[in-house]
Amino acid sequence: MKWHRDERLQGDFQKIIKSLGFSHINSKQVHCYRTYGSKARAYARIWSFPKIFQEVLNVKPAYIIEVLSEKFDKLSEDNKSKVLIHELLHIPKNFSGALLPHKTRGRRIGKEVDKLFKMMKSNDQ
């Protein structure tokens, strides 16, 4: 599997973060990578940096967003944005380095994505 930092994707995330008012997300601590050759079924995934590593290494919370190029690149621009929003919704409000699950009491990431995507589109016009 090959991977590299993706500055264009980093810019896309910063635009989404700003447009949706995700002030709890420190965009400098969200790192974007593009991978090639993965056998995973996902379009993208988010990697956390757990508290124990933060404490041992004396570093701030961080996240890595990985897009799987073979699948992600085939999506329309709108669907790419939805996938990126989906990954951002895994980041908790306290930006702790932990990840939120797809389903919790009263919250489903899939339903929130469509609502936030529409809001982002109206904010951009």
# chains A, B, ... in the order shown; residues from 1 in each chain; ligands from 1
>>> residues_around(residues="Ser19 in chain A", least_positions_apart="6", cutoff="9 Å", atoms="only C-alpha atoms", output="MDAnalysis selection string")
chainID A and resid 119:121 123:124
>>> closest_atom_pairs(of="range 22-46 of chain A", to="range 76-91 of chain A", cutoff="8 Å", atoms="only C-alpha atoms", output="CSV")
residue,atom,partner,partner_atom,distance
A:Ile25,CA,A:Ile91,CA,7.6
A:Tyr43,CA,A:Val83,CA,7.3
A:Ala44,CA,A:Val83,CA,7.0
A:Arg45,CA,A:Glu87,CA,6.5
A:Ile46,CA,A:Glu87,CA,6.0
>>> write_last_selection(atoms="C-alpha atoms", output="PDB file, in the first residue's frame")
ATOM      1  CA  ILE A  25     -11.888  21.058  15.379  1.00  0.00           C
ATOM      2  CA  TYR A  43     -14.082   5.425   0.775  1.00  0.00           C
ATOM      3  CA  ALA A  44     -12.265   7.051   3.665  1.00  0.00           C
ATOM      4  CA  ARG A  45     -11.459   6.472   7.308  1.00  0.00           C
ATOM      5  CA  ILE A  46     -10.349   8.434  10.300  1.00  0.00           C
TER       6      ILE A  46
END
>>> select_by_dssp(residues="range 36-103 of chain A", states="alpha helix (DSSP H)", output="PDB file with N, CA and C atoms, in the first residue's frame")
ATOM      1  N   LYS A  51      -5.378   8.915  24.020  1.00  0.00           N
ATOM      2  CA  LYS A  51      -4.848   9.681  25.146  1.00  0.00           C
ATOM      3  C   LYS A  51      -3.533   9.118  25.688  1.00  0.00           C
ATOM      4  N   ILE A  52      -3.417   7.809  25.766  1.00  0.00           N
ATOM      5  CA  ILE A  52      -2.190   7.232  26.326  1.00  0.00           C
ATOM      6  C   ILE A  52      -0.972   7.611  25.489  1.00  0.00           C
ATOM      7  N   PHE A  53      -1.103   7.614  24.158  1.00  0.00           N
ATOM      8  CA  PHE A  53       0.004   8.010  23.294  1.00  0.00           C
ATOM      9  C   PHE A  53       0.304   9.494  23.443  1.00  0.00           C
ATOM     10  N   GLN A  54      -0.749  10.304  23.564  1.00  0.00           N
ATOM     11  CA  GLN A  54      -0.566  11.740  23.750  1.00  0.00           C
ATOM     12  C   GLN A  54       0.254  12.013  25.003  1.00  0.00           C
ATOM     13  N   GLU A  55      -0.104  11.328  26.090  1.00  0.00           N
ATOM     14  CA  GLU A  55       0.590  11.554  27.358  1.00  0.00           C
ATOM     15  C   GLU A  55       2.023  11.039  27.321  1.00  0.00           C
ATOM     16  N   VAL A  56       2.215   9.837  26.799  1.00  0.00           N
ATOM     17  CA  VAL A  56       3.557   9.247  26.757  1.00  0.00           C
ATOM     18  C   VAL A  56       4.490  10.076  25.875  1.00  0.00           C
ATOM     19  N   LEU A  57       3.988  10.528  24.739  1.00  0.00           N
ATOM     20  CA  LEU A  57       4.812  11.282  23.790  1.00  0.00           C
ATOM     21  C   LEU A  57       4.763  12.787  24.011  1.00  0.00           C
ATOM     22  N   SER A  69      -7.918   6.091  -2.396  1.00  0.00           N
ATOM     23  CA  SER A  69      -7.972   6.725  -3.707  1.00  0.00           C
ATOM     24  C   SER A  69      -8.799   5.954  -4.737  1.00  0.00           C
ATOM     25  N   GLU A  70      -8.643   4.657  -4.793  1.00  0.00           N
ATOM     26  CA  GLU A  70      -9.354   3.877  -5.818  1.00  0.00           C
ATOM     27  C   GLU A  70     -10.864   4.029  -5.716  1.00  0.00           C
ATOM     28  N   LYS A  71     -11.373   4.191  -4.529  1.00  0.00           N
ATOM     29  CA  LYS A  71     -12.826   4.327  -4.355  1.00  0.00           C
ATOM     30  C   LYS A  71     -13.254   5.790  -4.254  1.00  0.00           C
ATOM     31  N   PHE A  72     -12.531   6.567  -3.494  1.00  0.00           N
ATOM     32  CA  PHE A  72     -12.881   7.972  -3.246  1.00  0.00           C
ATOM     33  C   PHE A  72     -12.861   8.786  -4.537  1.00  0.00           C
ATOM     34  N   GLU A  77     -18.170  15.211  -6.831  1.00  0.00           N
ATOM     35  CA  GLU A  77     -17.652  16.195  -5.876  1.00  0.00           C
ATOM     36  C   GLU A  77     -18.570  16.311  -4.648  1.00  0.00           C
ATOM     37  N   ASP A  78     -19.879  16.264  -4.879  1.00  0.00           N
ATOM     38  CA  ASP A  78     -20.825  16.332  -3.759  1.00  0.00           C
ATOM     39  C   ASP A  78     -20.656  15.136  -2.828  1.00  0.00           C
ATOM     40  N   ASN A  79     -20.530  13.942  -3.399  1.00  0.00           N
ATOM     41  CA  ASN A  79     -20.368  12.754  -2.566  1.00  0.00           C
ATOM     42  C   ASN A  79     -19.019  12.743  -1.855  1.00  0.00           C
ATOM     43  N   LYS A  80     -17.999  13.301  -2.482  1.00  0.00           N
ATOM     44  CA  LYS A  80     -16.705  13.428  -1.802  1.00  0.00           C
ATOM     45  C   LYS A  80     -16.857  14.319  -0.572  1.00  0.00           C
ATOM     46  N   SER A  81     -17.569  15.427  -0.727  1.00  0.00           N
ATOM     47  CA  SER A  81     -17.794  16.322   0.413  1.00  0.00           C
ATOM     48  C   SER A  81     -18.561  15.624   1.518  1.00  0.00           C
ATOM     49  N   LYS A  82     -19.558  14.825   1.152  1.00  0.00           N
ATOM     50  CA  LYS A  82     -20.321  14.095   2.154  1.00  0.00           C
ATOM     51  C   LYS A  82     -19.443  13.100   2.907  1.00  0.00           C
ATOM     52  N   VAL A  83     -18.560  12.435   2.210  1.00  0.00           N
ATOM     53  CA  VAL A  83     -17.647  11.492   2.858  1.00  0.00           C
ATOM     54  C   VAL A  83     -16.737  12.235   3.834  1.00  0.00           C
ATOM     55  N   LEU A  84     -16.238  13.398   3.432  1.00  0.00           N
ATOM     56  CA  LEU A  84     -15.363  14.178   4.307  1.00  0.00           C
ATOM     57  C   LEU A  84     -16.120  14.676   5.538  1.00  0.00           C
ATOM     58  N   ILE A  85     -17.351  15.118   5.354  1.00  0.00           N
ATOM     59  CA  ILE A  85     -18.183  15.542   6.487  1.00  0.00           C
ATOM     60  C   ILE A  85     -18.391  14.353   7.426  1.00  0.00           C
ATOM     61  N   HIS A  86     -18.681  13.205   6.858  1.00  0.00           N
ATOM     62  CA  HIS A  86     -18.878  11.997   7.660  1.00  0.00           C
ATOM     63  C   HIS A  86     -17.664  11.736   8.557  1.00  0.00           C
ATOM     64  N   GLU A  87     -16.482  11.827   7.992  1.00  0.00           N
ATOM     65  CA  GLU A  87     -15.274  11.566   8.788  1.00  0.00           C
ATOM     66  C   GLU A  87     -15.102  12.616   9.888  1.00  0.00           C
ATOM     67  N   LEU A  88     -15.412  13.870   9.595  1.00  0.00           N
ATOM     68  CA  LEU A  88     -15.301  14.921  10.614  1.00  0.00           C
ATOM     69  C   LEU A  88     -16.288  14.706  11.762  1.00  0.00           C
TER      70      LEU A  88
END
>>> select_by_dssp(residues="chain A", states="strand (DSSP E)", output="list of chain:residue names")
A:Lys2, A:Trp3, A:His4, A:Arg5, A:Val30, A:His31, A:Cys32, A:Tyr33, A:Arg34, A:Thr35, A:Tyr36, A:Ala44, A:Arg45, A:Ile46, A:Trp47, A:Ser48, A:Tyr63, A:Ile64, A:Ile65, A:Glu66, A:Val67, A:Leu68, A:Lys103, A:Thr104, A:Arg107, A:Arg108
>>> atom_distance(atom1="CA of Lys115 in chain A", atom2="CA of Gly21 in chain A")
13.8 Å
